[in-house]
file target_9.cif (mmCIF, C-alpha atoms)
data_query
loop_
_atom_site.label_atom_id
_atom_site.label_comp_id
_atom_site.auth_asym_id
_atom_site.auth_seq_id
_atom_site.Cartn_x
_atom_site.Cartn_y
_atom_site.Cartn_z
CA MET C 895 151.74 31.69 47.35
CA SER C 896 151.20 34.04 50.29
CA ASP C 897 151.00 32.97 53.94
CA LEU C 898 147.29 33.70 53.85
CA GLN C 899 146.72 31.43 50.86
CA LEU C 900 148.80 28.65 52.45
CA ASN C 901 146.84 28.97 55.66
CA ILE C 902 143.53 28.77 53.81
CA ALA C 903 144.75 25.88 51.67
CA SER C 904 145.79 23.79 54.65
CA ASP C 905 142.80 24.58 56.85
CA SER C 906 139.95 24.39 54.40
CA ALA C 907 141.13 23.07 51.06
CA LEU C 908 137.71 21.58 50.36
CA GLY C 909 135.81 24.79 50.97
CA GLY C 910 132.29 24.78 52.31
CA GLN C 911 133.51 25.30 55.89
CA GLY C 912 131.69 28.55 56.54
CA THR C 913 128.68 28.69 58.83
CA ALA C 914 125.58 30.75 58.08
CA GLY C 915 126.99 33.26 60.61
CA ASP C 916 130.23 33.53 58.62
CA TYR C 917 128.29 34.30 55.44
CA PHE C 918 126.22 36.87 57.34
CA ALA C 919 129.47 38.48 58.58
CA LEU C 920 130.62 38.75 54.93
CA LEU C 921 127.73 41.17 54.38
CA LYS C 922 129.20 43.67 56.92
CA PRO C 923 125.89 43.89 58.85
CA ARG C 924 126.82 47.05 60.78
CA VAL C 925 127.57 48.98 57.59
CA MET C 926 124.45 47.46 56.04
CA SER C 927 122.25 48.74 58.89
CA LEU C 928 123.42 52.34 58.31
CA VAL C 929 122.88 51.93 54.55
CA VAL C 930 119.34 50.61 55.10
CA PHE C 931 118.55 53.45 57.49
CA THR C 932 119.78 56.23 55.16
CA ALA C 933 117.99 54.60 52.20
CA PHE C 934 114.80 54.50 54.29
CA VAL C 935 115.17 58.24 54.97
CA GLY C 936 115.57 58.77 51.21
CA ILE C 937 112.29 56.92 50.61
CA VAL C 938 110.47 58.90 53.32
CA ALA C 939 111.91 62.27 52.23
CA ALA C 940 111.09 61.86 48.53
CA PRO C 941 107.94 63.54 47.22
CA GLY C 942 105.34 60.99 46.15
CA THR C 943 104.26 57.60 47.40
CA LEU C 944 105.45 54.05 47.01
CA HIS C 945 103.43 50.93 47.84
CA PRO C 946 104.69 49.68 51.25
CA LEU C 947 105.62 46.28 49.79
CA LEU C 948 107.61 47.93 46.99
CA ALA C 949 109.32 50.15 49.58
CA LEU C 950 110.17 47.03 51.56
CA VAL C 951 111.63 45.26 48.53
CA ALA C 952 113.58 48.41 47.60
CA LEU C 953 115.13 48.46 51.08
CA LEU C 954 115.82 44.71 50.87
CA ALA C 955 117.54 45.08 47.50
CA ILE C 956 119.61 48.05 48.73
CA ALA C 957 120.58 46.07 51.85
CA VAL C 958 121.58 43.01 49.81
CA GLY C 959 123.48 45.20 47.32
CA ALA C 960 125.39 46.82 50.21
CA GLY C 961 126.06 43.37 51.68
CA ALA C 962 127.31 42.12 48.31
CA SER C 963 129.72 45.07 48.16
CA GLY C 964 130.98 44.09 51.62
CA ALA C 965 131.52 40.46 50.56
CA LEU C 966 133.38 41.51 47.39
CA ASN C 967 135.47 43.92 49.46
CA MET C 968 136.39 41.08 51.86
CA TRP C 969 137.28 38.85 48.91
CA TYR C 970 139.65 41.42 47.40
CA ASP C 971 141.06 42.80 50.66
CA ALA C 972 141.75 39.43 52.37
CA ASP C 973 145.51 40.16 52.40
CA ILE C 974 145.01 43.55 54.10
CA ASP C 975 142.37 42.21 56.49
CA ALA C 976 144.70 39.42 57.62
CA VAL C 977 147.28 41.85 59.03
CA MET C 978 144.96 44.42 60.60
CA ARG C 979 143.87 43.85 64.21
CA ARG C 980 140.38 45.22 63.52
CA THR C 981 139.73 42.87 60.58
CA ARG C 982 141.85 39.74 61.01
CA SER C 983 138.97 37.72 62.48
CA ARG C 984 136.82 38.24 59.37
CA PRO C 985 135.71 34.97 57.71
CA VAL C 986 138.15 35.03 54.75
CA PRO C 987 141.43 35.77 56.59
CA ARG C 988 140.31 33.34 59.33
CA GLY C 989 139.99 30.64 56.65
CA ALA C 990 136.31 29.95 57.36
CA ILE C 991 135.33 31.01 53.84
CA LEU C 992 137.56 30.66 50.78
CA PRO C 993 138.22 33.84 48.73
CA GLY C 994 136.49 32.22 45.73
CA GLU C 995 133.42 31.46 47.84
CA ALA C 996 133.26 35.10 48.97
CA LEU C 997 133.60 36.23 45.35
CA GLY C 998 130.81 33.93 44.15
CA PHE C 999 128.54 34.87 47.05
CA GLY C 1000 129.11 38.61 46.59
CA GLY C 1001 128.85 38.50 42.81
CA PHE C 1002 125.59 36.58 42.88
CA LEU C 1003 124.00 38.88 45.49
CA ALA C 1004 125.16 42.01 43.62
CA ALA C 1005 123.55 40.86 40.38
CA ALA C 1006 120.38 39.63 42.12
CA SER C 1007 119.86 42.87 44.08
CA VAL C 1008 120.17 45.06 40.96
CA ILE C 1009 117.86 42.80 38.90
CA VAL C 1010 115.19 42.70 41.63
CA LEU C 1011 115.28 46.49 42.10
CA GLY C 1012 115.06 47.02 38.32
CA LEU C 1013 112.23 44.55 37.77
CA PHE C 1014 110.02 45.48 40.71
CA VAL C 1015 110.81 49.14 41.49
CA ASN C 1016 112.41 51.15 38.66
CA LEU C 1017 115.45 51.28 36.40
CA VAL C 1018 116.88 54.55 37.78
CA ALA C 1019 117.10 53.09 41.30
CA ALA C 1020 118.58 49.86 39.89
CA ALA C 1021 121.17 51.78 37.86
CA LEU C 1022 122.15 53.80 40.93
CA LEU C 1023 122.52 50.60 42.98
CA ALA C 1024 124.66 49.00 40.26
CA PHE C 1025 126.82 52.15 40.13
CA THR C 1026 127.18 52.14 43.95
CA ILE C 1027 128.36 48.51 43.99
CA PHE C 1028 130.76 49.17 41.08
CA PHE C 1029 132.11 52.33 42.73
CA TYR C 1030 132.69 50.65 46.10
CA VAL C 1031 134.24 47.45 44.75
CA VAL C 1032 136.21 48.64 41.72
CA ILE C 1033 136.91 52.35 42.27
CA TYR C 1034 137.35 52.30 46.05
CA THR C 1035 138.45 48.77 47.02
CA MET C 1036 140.55 47.82 44.00
CA TRP C 1037 141.96 51.21 43.09
CA LEU C 1038 141.77 54.13 45.55
CA LYS C 1039 142.23 52.27 48.86
CA ARG C 1040 145.76 51.07 48.11
CA TRP C 1041 146.80 54.05 46.02
CA THR C 1042 145.95 57.41 47.58
CA PRO C 1043 145.34 58.91 51.04
CA GLN C 1044 142.29 60.55 49.45
CA ASN C 1045 140.79 57.02 49.25
CA ILE C 1046 137.95 57.63 51.66
CA VAL C 1047 137.22 61.16 50.41
CA ILE C 1048 136.41 59.93 46.89
CA GLY C 1049 135.35 56.43 47.96
CA GLY C 1050 132.89 58.00 50.40
CA ALA C 1051 130.58 58.59 47.42
CA ALA C 1052 129.62 54.90 47.52
CA GLY C 1053 128.40 55.17 51.12
CA ALA C 1054 126.59 58.42 50.34
CA LEU C 1055 124.47 57.04 47.49
CA PRO C 1056 121.88 54.89 49.40
CA PRO C 1057 119.52 57.81 50.25
CA MET C 1058 119.59 58.76 46.56
CA ILE C 1059 118.66 55.18 45.64
CA GLY C 1060 115.81 55.27 48.16
CA TRP C 1061 114.63 58.62 46.77
CA ALA C 1062 114.87 57.34 43.17
CA ALA C 1063 112.84 54.26 44.16
CA VAL C 1064 109.92 56.63 44.84
CA THR C 1065 110.34 59.27 42.13
CA GLY C 1066 112.36 57.49 39.43
CA THR C 1067 114.55 60.61 39.22
CA ILE C 1068 117.67 62.20 40.70
CA ASP C 1069 116.52 65.44 42.35
CA PRO C 1070 118.33 68.26 44.21
CA GLY C 1071 116.77 67.07 47.50
CA ALA C 1072 118.31 63.63 47.03
CA ILE C 1073 121.67 65.21 46.15
CA SER C 1074 121.54 67.25 49.38
CA LEU C 1075 121.27 64.00 51.40
CA PHE C 1076 124.13 62.54 49.35
CA LEU C 1077 126.32 65.58 50.07
CA ILE C 1078 125.80 65.32 53.83
CA ILE C 1079 127.08 61.73 53.99
CA PHE C 1080 129.80 62.44 51.43
CA MET C 1081 131.23 65.28 53.54
CA TRP C 1082 130.66 63.39 56.82
CA THR C 1083 132.76 60.38 55.72
CA PRO C 1084 136.29 61.91 55.87
CA PRO C 1085 136.12 63.23 59.48
CA HIS C 1086 134.45 59.96 60.54
CA PHE C 1087 137.09 57.67 59.02
CA TRP C 1088 140.10 59.89 59.74
CA ALA C 1089 139.14 59.96 63.43
CA LEU C 1090 139.23 56.13 63.31
CA ALA C 1091 142.49 56.15 61.32
CA LEU C 1092 144.14 58.41 63.92
CA PHE C 1093 143.71 55.87 66.72
CA ARG C 1094 144.27 52.86 64.39
CA GLU C 1095 147.20 54.45 62.56
CA ASP C 1096 149.63 51.55 63.23
CA ASP C 1097 147.09 49.05 61.91
CA TYR C 1098 146.75 50.82 58.54
CA ALA C 1099 150.53 51.41 58.31
CA LYS C 1100 151.20 47.69 58.94
CA ALA C 1101 148.79 46.77 56.14
CA GLY C 1102 150.34 49.35 53.78
CA VAL C 1103 147.06 51.24 53.33
CA PRO C 1104 147.86 54.91 52.60
CA MET C 1105 145.51 56.54 55.10
CA LEU C 1106 146.01 60.26 55.70
CA PRO C 1107 147.63 59.94 59.20
CA ASN C 1108 150.43 57.65 57.97
CA VAL C 1109 151.02 59.64 54.76
CA ALA C 1110 150.54 63.31 55.70
CA GLY C 1111 150.94 62.87 59.47
CA PRO C 1112 148.54 63.17 62.43
CA ASP C 1113 148.70 66.99 62.60
CA GLU C 1114 147.63 67.45 58.98
CA THR C 1115 144.89 64.83 59.51
CA ARG C 1116 143.58 66.81 62.50
CA ARG C 1117 143.52 69.98 60.37
CA GLN C 1118 141.68 68.17 57.56
CA ILE C 1119 139.14 66.73 60.03
CA LEU C 1120 138.35 70.23 61.29
CA LEU C 1121 138.12 71.66 57.76
CA TYR C 1122 135.78 68.94 56.50
CA THR C 1123 133.64 69.31 59.63
CA LEU C 1124 133.31 73.06 59.00
CA VAL C 1125 132.30 72.41 55.37
CA LEU C 1126 129.81 69.78 56.54
CA LEU C 1127 128.15 72.30 58.87
CA PRO C 1128 126.38 74.46 56.22
CA LEU C 1129 125.67 71.42 54.00
CA THR C 1130 123.62 69.94 56.83
CA PHE C 1131 121.04 72.70 56.30
CA LEU C 1132 120.75 72.15 52.54
CA PRO C 1133 117.74 69.76 52.86
CA ALA C 1134 115.84 72.53 54.68
CA LEU C 1135 116.65 75.06 51.91
CA LEU C 1136 115.44 72.58 49.30
CA GLY C 1137 112.15 71.92 51.07
CA VAL C 1138 113.01 68.40 52.21
CA SER C 1139 112.87 69.23 55.93
CA GLY C 1140 111.45 71.78 58.36
CA SER C 1141 112.03 73.66 61.60
CA VAL C 1142 112.58 70.64 63.87
CA TYR C 1143 115.29 69.41 61.52
CA VAL C 1144 116.99 72.81 61.49
CA ALA C 1145 116.95 73.09 65.29
CA GLY C 1146 118.12 69.51 65.84
CA ALA C 1147 120.78 69.65 63.14
CA ALA C 1148 122.12 72.95 64.54
CA LEU C 1149 122.48 71.48 68.03
CA LEU C 1150 124.03 68.22 66.83
CA SER C 1151 126.40 70.00 64.46
CA ALA C 1152 127.59 72.30 67.25
CA ILE C 1153 128.55 69.19 69.26
CA PHE C 1154 130.22 67.67 66.17
CA VAL C 1155 132.32 70.84 65.70
CA TYR C 1156 133.21 70.80 69.42
CA TYR C 1157 134.56 67.23 69.16
CA ALA C 1158 136.45 68.10 65.95
CA VAL C 1159 138.03 71.10 67.71
CA GLN C 1160 139.01 68.82 70.60
CA VAL C 1161 140.71 66.45 68.13
CA TYR C 1162 142.53 69.44 66.63
CA ARG C 1163 143.62 70.79 70.03
CA LEU C 1164 144.61 67.61 71.89
CA ARG C 1165 147.60 66.04 70.14
CA GLU C 1166 149.46 64.01 72.75
CA GLY C 1167 148.83 60.91 74.83
CA ALA C 1168 145.60 59.38 76.09
CA ALA C 1169 143.68 62.67 75.84
CA ALA C 1170 144.38 62.83 72.10
CA THR C 1171 143.33 59.20 71.54
CA GLY C 1172 140.23 59.77 73.69
CA ALA C 1173 139.27 62.82 71.62
CA CYS C 1174 139.56 60.79 68.39
CA ARG C 1175 137.48 57.95 69.83
CA LYS C 1176 134.81 60.42 70.99
CA LEU C 1177 134.63 62.09 67.58
CA PHE C 1178 134.43 58.71 65.83
CA GLY C 1179 131.65 57.48 68.14
CA PHE C 1180 129.71 60.76 68.02
CA SER C 1181 129.97 61.00 64.23
CA ILE C 1182 127.95 57.76 63.92
CA LEU C 1183 125.34 59.07 66.36
CA TRP C 1184 125.30 62.45 64.55
CA LEU C 1185 124.52 60.88 61.17
CA PHE C 1186 121.83 58.67 62.64
CA LEU C 1187 120.12 61.50 64.53
CA VAL C 1188 120.34 64.12 61.74
CA PHE C 1189 118.81 61.68 59.25
CA ALA C 1190 116.24 60.47 61.82
CA LEU C 1191 114.92 64.05 62.15
CA ILE C 1192 113.44 63.84 58.63
CA PRO C 1193 111.12 60.83 59.22
CA VAL C 1194 110.34 62.21 62.71
CA GLU C 1195 109.09 65.44 61.11
CA ARG C 1196 106.97 63.44 58.65
CA LEU C 1197 105.57 61.37 61.51
CA LEU C 1198 104.69 64.47 63.54
CA GLY C 1199 103.21 66.18 60.48
CA ILE C 1200 105.65 69.11 60.69
CA ALA C 1201 105.71 71.01 57.40
CA SER C 1202 108.89 71.33 55.39
CA PHE C 1203 110.19 74.76 54.39
CA PRO C 1204 109.30 75.95 50.87
CA SER C 1205 112.06 75.07 48.42
CA VAL C 1206 114.45 77.81 47.28
CA LEU C 1207 114.27 76.23 43.82
CA PRO C 1208 111.41 77.20 41.51
CA MET R 148 141.48 8.86 60.47
CA SER R 149 138.43 8.94 58.24
CA ASN R 150 138.80 9.26 54.48
CA ALA R 151 135.42 10.98 54.20
CA PRO R 152 135.81 14.48 52.78
CA PHE R 153 133.53 16.01 55.40
CA SER R 154 133.44 15.30 59.13
CA PRO R 155 130.13 14.95 61.02
CA ALA R 156 130.65 18.51 62.27
CA ASP R 157 131.07 19.73 58.67
CA MET R 158 127.92 17.88 57.64
CA ALA R 159 125.94 19.39 60.53
CA ARG R 160 127.14 22.87 59.51
CA ARG R 161 126.18 22.22 55.88
CA ARG R 162 122.75 20.93 56.92
CA LYS R 163 122.10 24.05 58.99
CA ARG R 164 123.17 26.24 56.08
CA ALA R 165 120.91 24.31 53.69
CA VAL R 166 117.90 24.72 56.00
CA ILE R 167 118.51 28.48 56.28
CA MET R 168 118.89 28.70 52.49
CA ALA R 169 115.60 26.81 52.00
CA LEU R 170 113.80 29.17 54.39
CA ILE R 171 115.22 32.24 52.60
CA LEU R 172 114.15 30.84 49.22
CA ALA R 173 110.64 30.10 50.51
CA ALA R 174 110.36 33.65 51.91
CA LEU R 175 111.58 35.11 48.60
CA MET R 176 109.02 33.00 46.72
CA VAL R 177 106.19 34.46 48.83
CA LEU R 178 107.64 37.99 48.51
CA PHE R 179 107.98 37.83 44.72
CA PHE R 180 104.45 36.43 44.37
CA ALA R 181 103.07 39.30 46.48
CA LEU R 182 105.15 41.83 44.52
CA THR R 183 103.82 40.50 41.24
CA ILE R 184 100.26 40.91 42.51
CA VAL R 185 101.02 44.50 43.61
CA ARG R 186 102.60 45.37 40.25
CA ILE R 187 99.77 43.79 38.25
CA GLY R 188 97.26 45.63 40.50
CA SER R 189 98.91 49.00 39.93
CA ASN R 190 99.10 48.45 36.16
CA PHE R 191 95.42 47.43 36.14
CA THR R 192 94.47 50.61 38.08
CA ALA R 193 96.56 52.74 35.70
CA VAL R 194 94.90 51.23 32.61
CA ALA R 195 91.41 51.47 34.09
CA GLY R 196 91.99 55.07 35.19
CA GLY R 197 93.60 56.22 31.94
#
call {"tool": "encode", "arguments": {"input": "target_9.cif", "output": "structure tokens"}}
result
Amino acid sequence: MSDLQLNIASDSALGGQGTAGDYFALLKPRVMSLVVFTAFVGIVAAPGTLHPLLALVALLAIAVGAGASGALNMWYDADIDAVMRRTRSRPVPRGAILPGEALGFGGFLAAASVIVLGLFVNLVAAALLAFTIFFYVVIYTMWLKRWTPQNIVIGGAAGALPPMIGWAAVTGTIDPGAISLFLIIFMWTPPHFWALALFREDDYAKAGVPMLPNVAGPDETRRQILLYTLVLLPLTFLPALLGVSGSVYVAGAALLSAIFVYYAVQVYRLREGAAATGACRKLFGFSILWLFLVFALIPVERLLGIASFPSVLP
Amino acid sequence: MSNAPFSPADMARRRKRAVIMALILAALMVLFFALTIVRIGSNFTAVAGG
């Protein structure tokens, strides 16, 4: 029996010790807020209309599905979380919630969110949500995370799917416009997480998680961050080419992407001491703001009545 | 030392959790009722229109 299990067994053998706040923390609320936001943009960007109450329940189901993925991730990763500074105060390693309780909570919410989305919205959106939960929990958490430094490159697909679910909630289909939103988040994930991994390298190494900096080294990670950022740059304009967004989006995305590239270049250039750590922290922080603002431009255009460009597709 | 499985603090925590759970269930009940009305309404409109 591991130290973690012994600790849990002695502190809370009976279970039922978690507060409502602990259960809320299991849902990874910060990740959930970004998921809800990108799913909302998917709903707004999709052609067609959805009754506001159905849109609300779609967002609720996507949020709960994302939260369930977080709870299942915390159940499976309790051993890793217990040794990492960033995660050791999470409810399971702290002993506030037993691993089995987290599993039951997450499993129930995962099933409930998919059923509700399927019954009240449509089956395509429900299938996409089920696939997202499966991909995050089984493919990423159980397999890729502990096995390959490409974990977040492939695993990033799970975080990129919410706008596609939102889009499918409106149209019932998987369209090129939805895929363009998926691709932006998919390509944004590696530079975002590798910037974090560069200044938390010791944490991941201690937990035995094969992140790129502790497998290929910080220099290679810096090169990969810059490469992925440069690939992300043209992909950001794909929604405009596909008629999802218009001129304000293009102007805003160009400005924001120029800043993103600047921070990625700084990470590539500065390799020693506090300046290097500072550059990684700045890129990590700005990447979150970048994603929020780029996606926010789409509903802002809709709100202001700014026309989208004609699609390049027939 | 008490032989009771749960201390008063545990019981208070459980009570608070139960109240929150009851409120969530009540809110879901209202939401699902409203959703059912919306879905029945849209089906009715579709049938009447088609």
call {"tool": "atom_distance", "arguments": {"input": "target_9.cif", "atom1": "atom CA of Arg924 of chain C", "atom2": "atom CA of Thr981 of chain C"}}
result
13.6 Å
call {"tool": "interface_residues", "arguments": {"input": "target_9.cif", "of": "chain C", "to": "chain R", "cutoff": "12 Å", "atoms": "all atoms listed in the file", "output": "ChimeraX atom specification"}}
result
/C:906-918,944-952,954-955,990,1006,1010-1011,1013-1016
call {"tool": "residues_around", "arguments": {"input": "target_9.cif", "residues": "segment 966-970 of chain C", "least_positions_apart": "4", "cutoff": "7 Å", "atoms": "all atoms listed in the file", "output": "list in words"}}
result
Leu920, Ala962, Val986, Pro993, Ala996, Leu997, Gly1000, Val1031 and Thr1035 of chain C
call {"tool": "atom_distance", "arguments": {"input": "target_9.cif", "atom1": "atom CA of Ala1052 of chain C", "atom2": "atom CA of Leu921 of chain C"}}
result
15.5 Å
call {"tool": "residues_around", "arguments": {"input": "target_9.cif", "residues": "Ser1202 of chain C", "least_positions_apart": "2", "cutoff": "6 Å", "atoms": "only C-alpha atoms", "output": "VMD selection string"}}
result
chain C and resid 1137 to 1140
call {"tool": "write_last_selection", "arguments": {"input": "target_9.cif", "atoms": "C-alpha atoms", "output": "PDB file, in the coordinates of the input"}}
result
ATOM      1  CA  GLY C1137     112.150  71.920  51.070  1.00  0.00           C
ATOM      2  CA  VAL C1138     113.010  68.400  52.210  1.00  0.00           C
ATOM      3  CA  SER C1139     112.870  69.230  55.930  1.00  0.00           C
ATOM      4  CA  GLY C1140     111.450  71.780  58.360  1.00  0.00           C
TER       5      GLY C1140
END
call {"tool": "residues_near_point", "arguments": {"input": "target_9.cif", "point": "(132.9, 68.5, 60.6)", "cutoff": "10 Å", "atoms": "all atoms listed in the file", "output": "ChimeraX atom specification"}}
result
/C:1081-1086,1118-1128,1151-1159,1177,1181
call {"tool": "atom_distance", "arguments": {"input": "target_9.cif", "atom1": "atom CA of Val1047 of chain C", "atom2": "atom CA of Glu1114 of chain C"}}
result
14.9 Å
call {"tool": "resolve_selection", "arguments": {"input": "target_9.cif", "expression": "the PyMOL selection byres ((chain C and resi 936) around 7)", "output": "short mmCIF file (atom, residue, chain, number, x, y, z; two decimals) with C-alpha atoms, in the frame of the given file"}}
result
data_model
loop_
_atom_site.label_atom_id
_atom_site.label_comp_id
_atom_site.auth_asym_id
_atom_site.auth_seq_id
_atom_site.Cartn_x
_atom_site.Cartn_y
_atom_site.Cartn_z
CA THR C 932 119.78 56.23 55.16
CA ALA C 933 117.99 54.60 52.20
CA PHE C 934 114.80 54.50 54.29
CA VAL C 935 115.17 58.24 54.97
CA ILE C 937 112.29 56.92 50.61
CA VAL C 938 110.47 58.90 53.32
CA ALA C 939 111.91 62.27 52.23
CA ALA C 940 111.09 61.86 48.53
CA PRO C 1057 119.52 57.81 50.25
CA MET C 1058 119.59 58.76 46.56
CA GLY C 1060 115.81 55.27 48.16
CA TRP C 1061 114.63 58.62 46.77
CA ALA C 1072 118.31 63.63 47.03
#
call {"tool": "closest_residue", "arguments": {"input": "target_9.cif", "among": "C:Ala1173, C:Leu1055, C:Leu1129, C:Arg979", "to": "Glu1095 of chain C", "atoms": "all atoms listed in the file"}}
result
C:Arg979
call {"tool": "resolve_selection", "arguments": {"input": "target_9.cif", "expression": "the PyMOL selection byres ((chain C and resi 1094) around 12)", "output": "PyMOL selection string"}}
result
chain C and resi 978-981+1087-1093+1095-1101+1103+1105-1108+1112+1171+1174-1175+1178
call {"tool": "residues_around", "arguments": {"input": "target_9.cif", "residues": "Ser963 of chain C", "least_positions_apart": "4", "cutoff": "12 Å", "atoms": "only C-alpha atoms", "output": "PDB file with C-alpha atoms, in the coordinates of the input"}}
result
ATOM      1  CA  LEU C 920     130.620  38.750  54.930  1.00  0.00           C
ATOM      2  CA  LEU C 921     127.730  41.170  54.380  1.00  0.00           C
ATOM      3  CA  LYS C 922     129.200  43.670  56.920  1.00  0.00           C
ATOM      4  CA  PRO C 923     125.890  43.890  58.850  1.00  0.00           C
ATOM      5  CA  VAL C 925     127.570  48.980  57.590  1.00  0.00           C
ATOM      6  CA  MET C 926     124.450  47.460  56.040  1.00  0.00           C
ATOM      7  CA  VAL C 929     122.880  51.930  54.550  1.00  0.00           C
ATOM      8  CA  ILE C 956     119.610  48.050  48.730  1.00  0.00           C
ATOM      9  CA  ALA C 957     120.580  46.070  51.850  1.00  0.00           C
ATOM     10  CA  VAL C 958     121.580  43.010  49.810  1.00  0.00           C
ATOM     11  CA  GLY C 959     123.480  45.200  47.320  1.00  0.00           C
ATOM     12  CA  ASN C 967     135.470  43.920  49.460  1.00  0.00           C
ATOM     13  CA  MET C 968     136.390  41.080  51.860  1.00  0.00           C
ATOM     14  CA  TRP C 969     137.280  38.850  48.910  1.00  0.00           C
ATOM     15  CA  TYR C 970     139.650  41.420  47.400  1.00  0.00           C
ATOM     16  CA  ASP C 971     141.060  42.800  50.660  1.00  0.00           C
ATOM     17  CA  ALA C 996     133.260  35.100  48.970  1.00  0.00           C
ATOM     18  CA  LEU C 997     133.600  36.230  45.350  1.00  0.00           C
ATOM     19  CA  GLY C 998     130.810  33.930  44.150  1.00  0.00           C
ATOM     20  CA  PHE C 999     128.540  34.870  47.050  1.00  0.00           C
ATOM     21  CA  GLY C1000     129.110  38.610  46.590  1.00  0.00           C
ATOM     22  CA  GLY C1001     128.850  38.500  42.810  1.00  0.00           C
ATOM     23  CA  PHE C1002     125.590  36.580  42.880  1.00  0.00           C
ATOM     24  CA  LEU C1003     124.000  38.880  45.490  1.00  0.00           C
ATOM     25  CA  ALA C1004     125.160  42.010  43.620  1.00  0.00           C
ATOM     26  CA  ALA C1005     123.550  40.860  40.380  1.00  0.00           C
ATOM     27  CA  SER C1007     119.860  42.870  44.080  1.00  0.00           C
ATOM     28  CA  VAL C1008     120.170  45.060  40.960  1.00  0.00           C
ATOM     29  CA  LEU C1023     122.520  50.600  42.980  1.00  0.00           C
ATOM     30  CA  ALA C1024     124.660  49.000  40.260  1.00  0.00           C
ATOM     31  CA  PHE C1025     126.820  52.150  40.130  1.00  0.00           C
ATOM     32  CA  THR C1026     127.180  52.140  43.950  1.00  0.00           C
ATOM     33  CA  ILE C1027     128.360  48.510  43.990  1.00  0.00           C
ATOM     34  CA  PHE C1028     130.760  49.170  41.080  1.00  0.00           C
ATOM     35  CA  PHE C1029     132.110  52.330  42.730  1.00  0.00           C
ATOM     36  CA  TYR C1030     132.690  50.650  46.100  1.00  0.00           C
ATOM     37  CA  VAL C1031     134.240  47.450  44.750  1.00  0.00           C
ATOM     38  CA  VAL C1032     136.210  48.640  41.720  1.00  0.00           C
ATOM     39  CA  ILE C1033     136.910  52.350  42.270  1.00  0.00           C
ATOM     40  CA  TYR C1034     137.350  52.300  46.050  1.00  0.00           C
ATOM     41  CA  THR C1035     138.450  48.770  47.020  1.00  0.00           C
ATOM     42  CA  MET C1036     140.550  47.820  44.000  1.00  0.00           C
ATOM     43  CA  ALA C1052     129.620  54.900  47.520  1.00  0.00           C
ATOM     44  CA  GLY C1053     128.400  55.170  51.120  1.00  0.00           C
TER      45      GLY C1053
END
